[in-house]
$ cat work_23.cif   # mmCIF, C-alpha atoms
data_my_file
loop_
_atom_site.label_atom_id
_atom_site.label_comp_id
_atom_site.auth_asym_id
_atom_site.auth_seq_id
_atom_site.Cartn_x
_atom_site.Cartn_y
_atom_site.Cartn_z
CA MET D 25 -151.32 77.18 -173.27
CA PHE D 26 -148.15 78.04 -171.37
CA GLN D 27 -147.46 75.60 -168.53
CA ARG D 28 -145.35 76.67 -165.60
CA ARG D 29 -142.63 74.30 -164.41
CA VAL D 30 -143.46 72.55 -161.15
CA VAL D 31 -140.91 71.38 -158.59
CA ILE D 32 -140.94 69.47 -155.30
CA THR D 33 -139.63 71.66 -152.49
CA GLY D 34 -140.77 69.86 -149.34
CA LEU D 35 -141.14 66.26 -148.13
CA GLY D 36 -142.98 64.89 -145.11
CA VAL D 37 -142.96 61.14 -144.50
CA ILE D 38 -144.64 59.06 -141.80
CA SER D 39 -143.81 55.40 -142.40
CA PRO D 40 -143.11 52.05 -140.71
CA ILE D 41 -139.37 52.59 -141.22
CA GLY D 42 -139.11 56.28 -140.35
CA MET D 43 -141.03 59.27 -139.02
CA SER D 44 -139.35 61.82 -141.29
CA TRP D 45 -138.00 61.71 -144.81
CA GLN D 46 -134.47 61.44 -143.38
CA ASP D 47 -135.32 58.38 -141.27
CA PHE D 48 -137.35 56.87 -144.11
CA TRP D 49 -134.46 57.25 -146.52
CA GLU D 50 -131.94 55.87 -144.05
CA GLY D 51 -134.30 52.92 -143.54
CA LEU D 52 -134.42 52.20 -147.26
CA CYS D 53 -130.65 52.50 -147.61
CA THR D 54 -130.01 50.15 -144.68
CA GLN D 55 -132.81 47.70 -145.62
CA ARG D 56 -134.66 48.39 -142.38
CA GLN D 57 -137.75 46.21 -141.94
CA GLY D 58 -141.07 47.76 -140.95
CA VAL D 59 -143.30 44.71 -141.40
CA ARG D 60 -143.87 42.87 -138.11
CA ARG D 61 -146.59 41.14 -136.13
CA ILE D 62 -149.63 43.35 -135.57
CA GLU D 63 -149.69 44.90 -132.11
CA ALA D 64 -152.71 47.20 -132.38
CA PHE D 65 -155.41 44.53 -131.94
CA ASP D 66 -155.99 40.80 -131.42
CA THR D 67 -155.18 38.97 -134.66
CA SER D 68 -155.79 35.40 -133.47
CA GLU D 69 -158.80 35.00 -135.77
CA PHE D 70 -157.06 36.41 -138.83
CA ARG D 71 -155.08 34.38 -141.33
CA CYS D 72 -152.67 37.31 -141.83
CA GLN D 73 -151.21 38.62 -138.57
CA ILE D 74 -148.52 40.97 -139.87
CA ALA D 75 -148.42 44.53 -141.14
CA GLY D 76 -146.23 47.52 -141.84
CA GLN D 77 -146.97 49.57 -138.72
CA VAL D 78 -146.14 53.16 -137.91
CA ASN D 79 -144.59 53.68 -134.50
CA LYS D 80 -146.88 55.46 -132.10
CA PHE D 81 -146.61 59.22 -132.37
CA LYS D 82 -148.31 62.17 -130.72
CA ILE D 83 -150.28 64.26 -133.17
CA ASN D 84 -150.09 67.24 -130.79
CA GLN D 85 -146.45 67.64 -131.82
CA TYR D 86 -147.59 68.51 -135.34
CA ILE D 87 -150.47 70.95 -134.77
CA PRO D 88 -150.83 74.38 -133.17
CA ARG D 89 -151.78 74.43 -129.50
CA SER D 90 -155.06 76.18 -130.36
CA TYR D 91 -156.06 73.26 -132.60
CA ARG D 92 -155.41 70.37 -130.23
CA LYS D 93 -159.06 69.76 -129.32
CA ALA D 94 -159.64 68.80 -132.95
CA ALA D 95 -157.12 65.95 -132.58
CA LYS D 96 -159.86 63.93 -130.87
CA LEU D 97 -161.60 63.78 -134.24
CA MET D 98 -158.63 62.44 -136.15
CA ALA D 99 -158.57 58.79 -137.17
CA PRO D 100 -155.05 57.44 -137.90
CA ASP D 101 -155.34 58.31 -141.62
CA ILE D 102 -156.12 61.94 -140.77
CA ALA D 103 -153.48 62.23 -138.06
CA MET D 104 -150.73 60.86 -140.32
CA ALA D 105 -151.71 63.23 -143.14
CA VAL D 106 -151.70 66.24 -140.81
CA ALA D 107 -148.30 65.22 -139.40
CA GLY D 108 -146.89 64.66 -142.88
CA ALA D 109 -148.11 68.08 -144.00
CA ASP D 110 -146.48 69.77 -141.00
CA LEU D 111 -143.18 68.03 -141.76
CA ALA D 112 -143.35 68.90 -145.48
CA ILE D 113 -144.19 72.56 -144.88
CA ARG D 114 -141.36 72.96 -142.40
CA ASP D 115 -138.99 71.10 -144.73
CA ALA D 116 -139.89 73.52 -147.53
CA GLY D 117 -139.18 76.50 -145.29
CA LEU D 118 -142.72 77.88 -145.64
CA ILE D 119 -144.28 79.98 -142.88
CA THR D 120 -148.00 79.31 -142.95
CA LYS D 121 -150.63 80.20 -140.38
CA GLY D 122 -150.13 76.75 -138.88
CA ILE D 123 -146.41 77.40 -138.38
CA ASP D 124 -146.62 80.99 -137.12
CA PRO D 125 -150.21 82.20 -136.61
CA GLU D 126 -149.10 85.80 -136.06
CA ASN D 127 -146.65 86.15 -138.94
CA PRO D 128 -147.62 83.90 -141.89
CA GLN D 129 -145.57 84.52 -145.01
CA VAL D 130 -147.61 82.52 -147.53
CA ASN D 131 -150.49 84.02 -149.50
CA PRO D 132 -153.37 81.70 -148.47
CA ILE D 133 -155.30 82.35 -151.68
CA ARG D 134 -152.37 80.94 -153.69
CA LEU D 135 -152.03 77.82 -151.51
CA GLY D 136 -153.96 74.65 -152.44
CA VAL D 137 -154.45 71.18 -150.95
CA ASN D 138 -154.93 67.96 -152.89
CA LEU D 139 -154.78 64.66 -151.02
CA GLY D 140 -155.16 61.01 -151.94
CA ALA D 141 -157.16 59.00 -149.41
CA GLY D 142 -159.19 55.83 -148.92
CA LEU D 143 -162.22 54.73 -146.96
CA ILE D 144 -161.29 55.19 -143.31
CA ASP D 145 -161.88 52.06 -141.23
CA ILE D 146 -164.30 52.56 -138.35
CA ASP D 147 -163.09 51.98 -134.79
CA LEU D 148 -164.99 48.83 -133.80
CA ASN D 149 -164.53 49.49 -130.08
CA GLU D 150 -166.39 52.79 -130.36
CA LEU D 151 -169.09 51.42 -132.63
CA GLY D 152 -169.51 48.19 -130.65
CA VAL D 153 -171.06 49.87 -127.62
CA ALA D 154 -173.61 51.64 -129.81
CA VAL D 155 -174.49 48.43 -131.64
CA GLN D 156 -174.85 46.54 -128.37
CA GLU D 157 -177.42 49.09 -127.21
CA SER D 158 -179.35 48.53 -130.44
CA LEU D 159 -179.98 44.79 -130.05
CA ASP D 160 -183.50 43.61 -129.26
CA GLU D 161 -184.48 40.76 -126.91
CA ASN D 162 -183.55 38.26 -129.62
CA SER D 163 -180.10 39.80 -130.06
CA ARG D 164 -181.04 41.16 -133.47
CA PHE D 165 -180.07 44.63 -134.60
CA SER D 166 -183.00 47.05 -134.40
CA TYR D 167 -183.02 50.34 -136.29
CA GLN D 168 -185.60 51.65 -133.84
CA LEU D 169 -183.30 50.92 -130.90
CA TRP D 170 -180.41 52.39 -132.88
CA GLY D 171 -182.32 55.66 -133.09
CA LYS D 172 -183.48 55.57 -129.47
CA ARG D 173 -180.39 54.28 -127.66
CA GLY D 174 -177.55 53.31 -129.97
CA MET D 175 -176.69 56.66 -131.53
CA ALA D 176 -176.63 58.28 -128.10
CA GLN D 177 -173.48 56.25 -127.36
CA LEU D 178 -171.59 58.11 -130.09
CA THR D 179 -170.40 61.69 -129.84
CA PRO D 180 -172.30 64.10 -132.16
CA LEU D 181 -169.13 64.63 -134.21
CA TRP D 182 -168.21 60.93 -134.35
CA LEU D 183 -168.63 60.64 -138.12
CA LEU D 184 -166.08 63.39 -138.75
CA LYS D 185 -163.33 60.97 -137.69
CA PHE D 186 -164.08 58.72 -140.65
CA LEU D 187 -164.79 60.99 -143.64
CA PRO D 188 -161.96 60.68 -146.22
CA ASN D 189 -162.11 64.37 -147.14
CA MET D 190 -161.12 65.30 -143.58
CA LEU D 191 -157.43 64.75 -144.40
CA ALA D 192 -157.39 67.75 -146.75
CA CYS D 193 -159.93 69.58 -144.59
CA HIS D 194 -157.80 69.62 -141.42
CA ILE D 195 -154.63 70.48 -143.34
CA GLY D 196 -156.41 73.33 -145.11
CA ILE D 197 -157.80 74.75 -141.88
CA ILE D 198 -154.54 74.49 -139.93
CA HIS D 199 -152.43 76.13 -142.65
CA ASP D 200 -155.14 78.47 -143.98
CA ALA D 201 -154.98 77.09 -147.51
CA GLN D 202 -157.70 78.94 -149.43
CA GLY D 203 -156.81 77.76 -152.93
CA PRO D 204 -158.31 74.74 -154.75
CA SER D 205 -158.84 71.80 -152.39
CA ASN D 206 -159.74 68.25 -153.31
CA THR D 207 -159.65 64.67 -152.06
CA ILE D 208 -159.24 61.79 -154.48
CA LEU D 209 -160.24 58.20 -153.74
CA CYS D 210 -159.04 55.88 -156.47
CA GLY D 211 -157.73 52.88 -154.61
CA GLU D 212 -153.99 52.39 -154.77
CA ILE D 213 -153.44 55.15 -157.32
CA SER D 214 -155.12 57.79 -155.14
CA THR D 215 -151.84 59.58 -154.47
CA HIS D 216 -150.79 59.41 -158.12
CA GLN D 217 -154.06 61.05 -159.10
CA ALA D 218 -153.89 63.65 -156.33
CA VAL D 219 -150.34 64.68 -157.26
CA SER D 220 -151.33 64.86 -160.91
CA GLU D 221 -154.24 67.19 -160.15
CA ALA D 222 -152.11 69.29 -157.82
CA TYR D 223 -149.51 69.55 -160.57
CA GLN D 224 -152.15 70.92 -162.94
CA SER D 225 -153.25 73.50 -160.36
CA VAL D 226 -149.72 74.86 -160.10
CA ALA D 227 -148.76 74.49 -163.76
CA SER D 228 -151.89 76.32 -164.93
CA GLY D 229 -151.30 79.22 -162.54
CA ARG D 230 -154.30 78.70 -160.26
CA VAL D 231 -151.97 78.47 -157.25
CA ASP D 232 -148.27 78.97 -156.58
CA ILE D 233 -147.97 76.19 -154.00
CA CYS D 234 -149.93 73.01 -153.38
CA ILE D 235 -149.81 70.56 -150.47
CA THR D 236 -150.28 67.12 -151.99
CA GLY D 237 -149.67 63.42 -151.39
CA GLY D 238 -151.67 60.80 -149.53
CA ALA D 239 -152.23 58.92 -146.29
CA LYS D 240 -153.92 55.64 -145.36
CA SER D 241 -153.95 53.04 -142.61
CA ARG D 242 -154.91 49.43 -143.27
CA VAL D 243 -153.80 48.29 -139.82
CA SER D 244 -157.23 47.70 -138.31
CA PRO D 245 -159.59 44.72 -138.08
CA LEU D 246 -161.70 45.97 -140.99
CA GLY D 247 -158.66 46.93 -143.03
CA VAL D 248 -157.11 43.48 -142.71
CA LEU D 249 -160.44 41.74 -143.26
CA ARG D 250 -161.10 43.59 -146.52
CA MET D 251 -157.71 42.62 -147.91
CA GLU D 252 -158.08 39.04 -146.69
CA LEU D 253 -161.42 38.68 -148.49
CA LEU D 254 -159.67 39.64 -151.73
CA ASN D 255 -157.03 36.94 -151.10
CA ARG D 256 -154.21 39.46 -151.42
CA LEU D 257 -152.45 38.94 -148.09
CA ASN D 258 -149.50 36.77 -147.16
CA THR D 259 -150.79 34.16 -144.70
CA SER D 260 -147.75 31.86 -144.57
CA ASN D 261 -145.15 34.05 -142.85
CA ASN D 262 -146.76 35.13 -139.60
CA ASP D 263 -143.79 33.66 -137.75
CA LYS D 264 -141.27 35.47 -139.99
CA PRO D 265 -142.86 38.81 -140.89
CA GLU D 266 -139.54 40.34 -141.91
CA GLU D 267 -139.39 37.88 -144.82
CA ALA D 268 -143.06 37.97 -145.80
CA VAL D 269 -143.41 40.59 -148.53
CA ARG D 270 -141.25 39.71 -151.53
CA PRO D 271 -142.09 41.88 -154.56
CA PHE D 272 -141.13 40.32 -157.91
CA ASP D 273 -139.40 37.44 -156.12
CA LYS D 274 -139.96 33.93 -157.40
CA ASP D 275 -141.20 32.94 -153.91
CA ARG D 276 -143.61 35.85 -153.45
CA ALA D 277 -146.82 34.93 -151.62
CA GLY D 278 -148.88 38.07 -151.11
CA CYS D 279 -148.70 41.50 -149.52
CA ALA D 280 -149.05 42.77 -145.95
CA PRO D 281 -151.34 45.63 -144.94
CA GLY D 282 -149.59 48.84 -144.06
CA GLU D 283 -150.04 52.43 -142.96
CA SER D 284 -148.21 55.57 -143.97
CA ALA D 285 -148.36 59.15 -145.18
CA GLY D 286 -146.29 60.94 -147.76
CA VAL D 287 -146.93 64.67 -148.21
CA PHE D 288 -145.17 66.96 -150.67
CA ILE D 289 -144.91 70.67 -151.25
CA ILE D 290 -145.00 71.30 -154.98
CA GLU D 291 -144.38 74.78 -156.21
CA ASP D 292 -144.08 76.99 -159.28
CA LEU D 293 -140.40 77.05 -160.22
CA GLU D 294 -140.08 80.84 -160.31
CA HIS D 295 -141.84 81.12 -156.95
CA ALA D 296 -139.50 78.51 -155.44
CA GLN D 297 -136.39 80.19 -156.86
CA GLY D 298 -137.60 83.59 -155.69
CA ARG D 299 -137.48 82.46 -152.08
CA GLY D 300 -134.35 80.35 -152.43
CA ALA D 301 -136.06 77.01 -151.81
CA LYS D 302 -134.30 73.67 -152.02
CA ILE D 303 -135.51 71.69 -155.04
CA TYR D 304 -135.66 67.90 -154.72
CA ALA D 305 -136.89 67.16 -158.23
CA GLU D 306 -139.14 68.44 -160.99
CA LEU D 307 -142.54 66.95 -161.76
CA ALA D 308 -142.45 66.23 -165.46
CA GLY D 309 -145.52 64.23 -166.49
CA SER D 310 -148.35 62.00 -165.38
CA ALA D 311 -151.08 59.85 -166.89
CA SER D 312 -153.71 57.37 -165.79
CA THR D 313 -155.86 54.76 -167.50
CA ARG D 314 -158.59 52.30 -166.75
CA GLN D 315 -158.86 48.94 -168.45
CA GLY D 316 -161.03 45.98 -167.53
CA SER D 317 -164.68 45.27 -166.88
CA SER D 318 -164.64 44.03 -163.28
CA ALA D 319 -164.91 46.35 -160.29
CA HIS D 320 -162.77 43.83 -158.37
CA ARG D 321 -160.23 43.18 -161.12
CA ILE D 322 -157.19 41.25 -159.91
CA PRO D 323 -154.60 41.09 -161.40
CA PRO D 324 -154.22 44.50 -163.05
CA SER D 325 -154.20 45.03 -166.80
CA ALA D 326 -150.70 44.95 -168.28
CA GLU D 327 -152.02 46.91 -171.25
CA GLY D 328 -153.47 49.57 -168.96
CA ILE D 329 -150.18 49.94 -167.09
CA ALA D 330 -148.30 50.22 -170.40
CA ARG D 331 -150.66 52.94 -171.65
CA ALA D 332 -150.26 54.89 -168.39
CA ILE D 333 -146.47 54.69 -168.74
CA GLY D 334 -146.66 55.82 -172.36
CA GLY D 335 -148.93 58.72 -171.47
CA ALA D 336 -146.66 59.88 -168.65
CA LEU D 337 -143.59 59.73 -170.91
CA ASP D 338 -145.41 61.75 -173.57
CA LYS D 339 -146.44 64.42 -171.07
CA ALA D 340 -142.86 64.58 -169.77
CA LYS D 341 -141.54 64.82 -173.34
CA CYS D 342 -139.01 62.09 -172.69
CA ARG D 343 -138.25 58.67 -174.11
CA ALA D 344 -138.11 55.29 -172.44
CA GLU D 345 -134.33 55.41 -172.89
CA ASP D 346 -134.18 58.42 -170.57
CA ILE D 347 -135.55 56.53 -167.54
CA GLY D 348 -132.82 55.79 -164.99
CA LEU D 349 -134.98 54.14 -162.31
CA VAL D 350 -138.43 52.58 -162.03
CA ILE D 351 -140.27 52.46 -158.71
CA PRO D 352 -143.21 50.08 -159.22
CA HIS D 353 -146.21 49.32 -157.04
CA GLY D 354 -144.81 45.81 -156.42
CA VAL D 355 -147.23 44.39 -153.84
CA GLY D 356 -145.68 40.91 -153.77
CA GLY D 357 -148.69 39.09 -155.21
CA LEU D 358 -148.12 36.20 -157.60
CA GLU D 359 -150.34 37.43 -160.43
CA GLU D 360 -150.29 41.15 -159.60
CA ASP D 361 -146.51 41.47 -159.84
CA LEU D 362 -146.39 39.44 -163.03
CA ALA D 363 -148.99 41.64 -164.70
CA GLU D 364 -147.26 44.84 -163.56
CA ALA D 365 -143.91 43.57 -164.81
CA GLN D 366 -145.49 42.80 -168.17
CA GLY D 367 -146.95 46.29 -168.28
CA ILE D 368 -143.56 47.86 -167.52
CA ARG D 369 -141.92 45.80 -170.26
CA MET D 370 -144.64 46.77 -172.72
CA GLY D 371 -144.44 50.45 -171.74
CA LEU D 372 -140.65 50.77 -171.84
CA GLY D 373 -139.80 48.07 -174.34
CA GLU D 374 -138.24 44.70 -173.54
CA VAL D 375 -134.60 45.76 -173.81
CA LYS D 376 -134.96 48.86 -171.64
CA ALA D 377 -137.23 47.20 -169.06
CA ARG D 378 -134.79 44.34 -168.52
CA SER D 379 -131.84 46.69 -167.94
CA VAL D 380 -133.18 49.73 -166.05
CA PRO D 381 -132.90 49.46 -162.22
CA VAL D 382 -136.23 48.65 -160.56
CA LEU D 383 -136.77 49.43 -156.86
CA PRO D 384 -139.91 48.05 -155.15
CA ILE D 385 -140.21 49.23 -151.53
CA GLN D 386 -143.26 47.37 -150.20
CA GLY D 387 -141.05 44.58 -148.92
CA ALA D 388 -140.02 47.01 -146.17
CA VAL D 389 -143.21 48.99 -145.53
CA GLY D 390 -146.21 46.88 -146.57
CA ASN D 391 -149.15 47.97 -148.70
CA SER D 392 -150.82 51.11 -147.39
CA THR D 393 -153.06 51.12 -150.50
CA ALA D 394 -154.09 54.75 -151.11
CA ALA D 395 -150.81 56.01 -149.60
CA SER D 396 -148.47 53.46 -151.17
CA GLY D 397 -147.85 55.78 -154.12
CA ALA D 398 -146.88 58.55 -151.70
CA LEU D 399 -143.97 56.53 -150.31
CA ASP D 400 -143.00 55.49 -153.83
CA LEU D 401 -142.87 59.11 -154.97
CA ALA D 402 -140.91 60.11 -151.87
CA ALA D 403 -138.37 57.37 -152.64
CA ALA D 404 -138.16 58.59 -156.24
CA ALA D 405 -137.53 62.20 -155.25
CA LEU D 406 -134.90 61.17 -152.70
CA ALA D 407 -133.13 58.85 -155.14
CA ILE D 408 -132.71 61.86 -157.44
CA SER D 409 -131.73 64.38 -154.78
CA GLU D 410 -129.43 62.03 -152.82
CA GLY D 411 -127.87 60.35 -155.86
CA THR D 412 -128.44 56.87 -154.45
CA ILE D 413 -130.52 53.86 -155.41
CA PRO D 414 -131.12 51.60 -152.38
CA ALA D 415 -131.31 47.84 -152.66
CA ALA D 416 -134.76 46.26 -152.71
CA VAL D 417 -135.84 44.45 -149.54
CA ASN D 418 -136.80 40.76 -149.80
CA CYS D 419 -136.14 40.21 -153.49
CA ARG D 420 -133.18 37.91 -153.27
CA HIS D 421 -134.34 35.67 -156.12
CA PRO D 422 -135.94 37.84 -158.83
CA CYS D 423 -138.62 36.01 -160.76
CA PRO D 424 -137.41 35.18 -164.30
CA GLU D 425 -140.97 35.47 -165.62
CA CYS D 426 -141.18 39.08 -164.43
CA GLY D 427 -137.99 39.89 -166.29
CA LEU D 428 -137.08 43.04 -164.36
CA ASN D 429 -133.70 44.26 -163.13
CA ILE D 430 -134.42 44.41 -159.39
CA VAL D 431 -131.77 46.41 -157.48
CA GLN D 432 -129.74 44.01 -155.34
CA ASN D 433 -127.14 46.39 -153.87
CA ASN D 434 -127.07 50.08 -152.99
CA ARG D 435 -125.77 52.19 -155.85
CA ASN D 436 -124.17 55.62 -155.63
CA ALA D 437 -124.15 57.36 -158.98
CA GLU D 438 -125.16 60.48 -160.90
CA ASP D 439 -128.15 58.56 -162.20
CA PRO D 440 -131.07 58.47 -161.90
CA LYS D 441 -131.83 61.76 -163.66
CA VAL D 442 -135.35 60.62 -164.59
CA VAL D 443 -137.53 58.28 -162.49
CA LEU D 444 -140.76 56.53 -163.42
CA VAL D 445 -143.26 55.67 -160.67
CA THR D 446 -146.00 53.21 -161.60
CA GLY D 447 -149.17 52.19 -159.81
CA HIS D 448 -152.33 50.15 -160.22
CA SER D 449 -155.43 49.48 -158.17
CA ILE D 450 -158.26 46.99 -157.94
CA GLY D 451 -160.78 47.78 -160.64
CA GLY D 452 -158.34 48.22 -163.51
CA GLN D 453 -156.97 51.72 -162.84
CA SER D 454 -153.30 52.36 -163.61
CA ALA D 455 -151.06 55.39 -163.30
CA GLY D 456 -147.62 56.63 -164.19
CA LEU D 457 -145.64 59.58 -162.81
CA VAL D 458 -142.36 60.90 -164.21
CA ILE D 459 -140.05 63.13 -162.19
CA ARG D 460 -136.59 64.33 -163.13
CA ARG D 461 -133.56 66.04 -161.70
CA PHE D 462 -134.02 69.79 -161.85
CA ALA D 463 -131.90 71.60 -164.41
CA GLU D 464 -132.09 75.18 -165.62
#

$ encode --input "work_23.cif" --output "structure tokens"
Amino acid sequence: MFQRRVVITGLGVISPIGMSWQDFWEGLCTQRQGVRRIEAFDTSEFRCQIAGQVNKFKINQYIPRSYRKAAKLMAPDIAMAVAGADLAIRDAGLITKGIDPENPQVNPIRLGVNLGAGLIDIDLNELGVAVQESLDENSRFSYQLWGKRGMAQLTPLWLLKFLPNMLACHIGIIHDAQGPSNTILCGEISTHQAVSEAYQSVASGRVDICITGGAKSRVSPLGVLRMELLNRLNTSNNDKPEEAVRPFDKDRAGCAPGESAGVFIIEDLEHAQGRGAKIYAELAGSASTRQGSSAHRIPPSAEGIARAIGGALDKAKCRAEDIGLVIPHGVGGLEEDLAEAQGIRMGLGEVKARSVPVLPIQGAVGNSTAASGALDLAAAALAISEGTIPAAVNCRHPCPECGLNIVQNNRNAEDPKVVLVTGHSIGGQSAGLVIRRFAE
């Protein structure tokens, strides 16, 4: 079946090092540090007290005036996704109902939404009052009291703040996207999977444009606790957060939770050219795998990562030799990074993997899990469009066992023409995305 070519025409980034793709890219190129001590809540009882935090922003700046009441029902994950979508749509030069309600210039039936998301952490302050009202005389939780008194402490629409599908829902309503809409929860490859599905929607002709990407915040008590229980977090650098996350470094000691959103406008090539859109890069191929028997598998499967890379290369109809840059997941974990490095070497071959530039970015932004792939893909698209490969943050002493060529200094060059983005999540899922410089 004929597949239409699909290109990236808009970028919207909300990150710890920048609140637009321009600021994000400048942050990467200047090695700006976004990991710092957590300010949002009391961390005295946590072993890890650092995170990649987004600067406070006002969601009302990114939504129509008529929609501002709905902002009260937006948890941070939702708000960042909505803001990222607004930035991406404006960057692409699209006029949707959310941009100009009276004069939209996008056919809503040909506009889709596909977002990667994760479980949204509940606000304990809101829930705490309701739970307190549900305790009996022995201070035990009572379901009867929950029904009689506890639930009354929550607004009737309280749950809507914490449903993962609300990211795509709000974006679809604001911009009147009436095409295929979906939300994908697949751990740290949620964005990879969402972009892959969005790509298929455009390539197959179901839509002309799709809003895709991902958003997630792990900067909350429950978010930090979940990652602590899996022993993934760095607990030894609370006093020096800027040095904590060291992907593929011989002294790596765990990741830091993070929060971010990366939203993309992907579009049928002919449609994009017809309106004179700027093209950042072309989506060329994607693949995902699952390997392993444990639902809490850590580290990831090197074989699974290698198969995902191989599948993505096949779909893109390119060879390992064509890859000019690899942007890995690179969380900074001792075993996780080693397994991912092995997978990259297996997928690309030892000679290529040890020579191709590798740029991990979590040293600067932390691990925003479901949205980490969104920032990786944004960095990949910008490396192609800007003709620059920034230096990795906090990988001063690359681990010999990993055997990867970690970028140590900014490079300005025609390459990379083709970029590979890899990802993996707890449970054994792996993904690969290939994008390339657009050429007629």

$ atom_distance --input "work_23.cif" --atom1 "CA of Leu118 (chain D)" --atom2 "CA of Asp200 (chain D)"
12.5 Å

$ closest_residue --input "work_23.cif" --among "D:Ala218, D:Cys53, D:Ile459, D:Ile41" --to "Leu383 (chain D)" --atoms "all atoms listed in the file"
D:Cys53

$ atom_distance --input "work_23.cif" --atom1 "CA of Gly117 (chain D)" --atom2 "CA of Ser90 (chain D)"
21.8 Å

$ closest_residue --input "work_23.cif" --among "D:Arg173, D:His194, D:Arg270, D:Arg276" --to "Leu358 (chain D)" --atoms "only C-alpha atoms"
D:Arg276

$ resolve_selection --input "work_23.cif" --expression "the PyMOL selection byres ((chain D and resi 249) around 12)" --output "ChimeraX atom specification"
/D:67,69-73,145,242-248,250-257,280-281

$ atom_distance --input "work_23.cif" --atom1 "CA of Ala75 (chain D)" --atom2 "CA of Ser392 (chain D)"
9.4 Å

$ resolve_selection --input "work_23.cif" --expression "the PyMOL selection byres ((chain D and resi 293-307) around 10)" --output "MDAnalysis selection string"
chainID D and resid 28:35 115:118 219:220 223 226:227 232:233 290:292 308:310 340 402 404:410 441:443 457:463

$ resolve_selection --input "work_23.cif" --expression "the PyMOL selection byres ((chain D and resi 158) around 12)" --output "list in words"
Leu151, Gly152, Val153, Ala154, Val155, Gln156, Glu157, Leu159, Asp160, Glu161, Asn162, Ser163, Arg164, Phe165, Ser166, Tyr167, Gln168, Leu169, Trp170, Gly171, Lys172, Arg173, Gly174, Met175, Ala176 and Gln177 of chain D

$ residues_around --input "work_23.cif" --residues "region 138-141 of chain D" --least-positions-apart "5" --cutoff "8 Å" --atoms "only C-alpha atoms" --output "count of residues only"
28

$ residues_near_point --input "work_23.cif" --point "(-152.1, 76.7, -143.1)" --cutoff "6 Å" --atoms "all atoms listed in the file" --output "ChimeraX atom specification"
/D:120-122,196,198-201

$ build_atoms --input "work_23.cif" --residues "region 216-229 of chain D" --atoms "N, CA and C atoms" --output "PDB file, in the frame of the given file"
ATOM      1  N   HIS D 216    -151.200  59.054-156.754  1.00  0.00           N
ATOM      2  CA  HIS D 216    -150.790  59.410-158.120  1.00  0.00           C
ATOM      3  C   HIS D 216    -151.751  60.425-158.722  1.00  0.00           C
ATOM      4  N   GLN D 217    -153.054  60.167-158.542  1.00  0.00           N
ATOM      5  CA  GLN D 217    -154.060  61.050-159.100  1.00  0.00           C
ATOM      6  C   GLN D 217    -154.065  62.408-158.406  1.00  0.00           C
ATOM      7  N   ALA D 218    -153.898  62.399-157.077  1.00  0.00           N
ATOM      8  CA  ALA D 218    -153.890  63.650-156.330  1.00  0.00           C
ATOM      9  C   ALA D 218    -152.702  64.524-156.728  1.00  0.00           C
ATOM     10  N   VAL D 219    -151.526  63.926-156.858  1.00  0.00           N
ATOM     11  CA  VAL D 219    -150.340  64.680-157.260  1.00  0.00           C
ATOM     12  C   VAL D 219    -150.509  65.222-158.670  1.00  0.00           C
ATOM     13  N   SER D 220    -151.106  64.421-159.537  1.00  0.00           N
ATOM     14  CA  SER D 220    -151.330  64.860-160.910  1.00  0.00           C
ATOM     15  C   SER D 220    -152.252  66.080-160.957  1.00  0.00           C
ATOM     16  N   GLU D 221    -153.330  66.048-160.173  1.00  0.00           N
ATOM     17  CA  GLU D 221    -154.240  67.190-160.150  1.00  0.00           C
ATOM     18  C   GLU D 221    -153.584  68.410-159.509  1.00  0.00           C
ATOM     19  N   ALA D 222    -152.820  68.185-158.449  1.00  0.00           N
ATOM     20  CA  ALA D 222    -152.110  69.290-157.820  1.00  0.00           C
ATOM     21  C   ALA D 222    -151.114  69.919-158.788  1.00  0.00           C
ATOM     22  N   TYR D 223    -150.451  69.075-159.554  1.00  0.00           N
ATOM     23  CA  TYR D 223    -149.510  69.550-160.570  1.00  0.00           C
ATOM     24  C   TYR D 223    -150.216  70.482-161.551  1.00  0.00           C
ATOM     25  N   GLN D 224    -151.410  70.092-161.999  1.00  0.00           N
ATOM     26  CA  GLN D 224    -152.150  70.920-162.940  1.00  0.00           C
ATOM     27  C   GLN D 224    -152.549  72.261-162.318  1.00  0.00           C
ATOM     28  N   SER D 225    -152.876  72.251-161.031  1.00  0.00           N
ATOM     29  CA  SER D 225    -153.250  73.500-160.360  1.00  0.00           C
ATOM     30  C   SER D 225    -152.093  74.488-160.351  1.00  0.00           C
ATOM     31  N   VAL D 226    -150.887  73.983-160.126  1.00  0.00           N
ATOM     32  CA  VAL D 226    -149.720  74.860-160.100  1.00  0.00           C
ATOM     33  C   VAL D 226    -149.291  75.231-161.519  1.00  0.00           C
ATOM     34  N   ALA D 227    -149.233  74.241-162.399  1.00  0.00           N
ATOM     35  CA  ALA D 227    -148.760  74.490-163.760  1.00  0.00           C
ATOM     36  C   ALA D 227    -149.651  75.475-164.511  1.00  0.00           C
ATOM     37  N   SER D 228    -150.951  75.442-164.230  1.00  0.00           N
ATOM     38  CA  SER D 228    -151.890  76.320-164.930  1.00  0.00           C
ATOM     39  C   SER D 228    -151.957  77.711-164.325  1.00  0.00           C
ATOM     40  N   GLY D 229    -151.327  77.914-163.161  1.00  0.00           N
ATOM     41  CA  GLY D 229    -151.300  79.220-162.540  1.00  0.00           C
ATOM     42  C   GLY D 229    -152.419  79.487-161.547  1.00  0.00           C
TER      43      GLY D 229
END
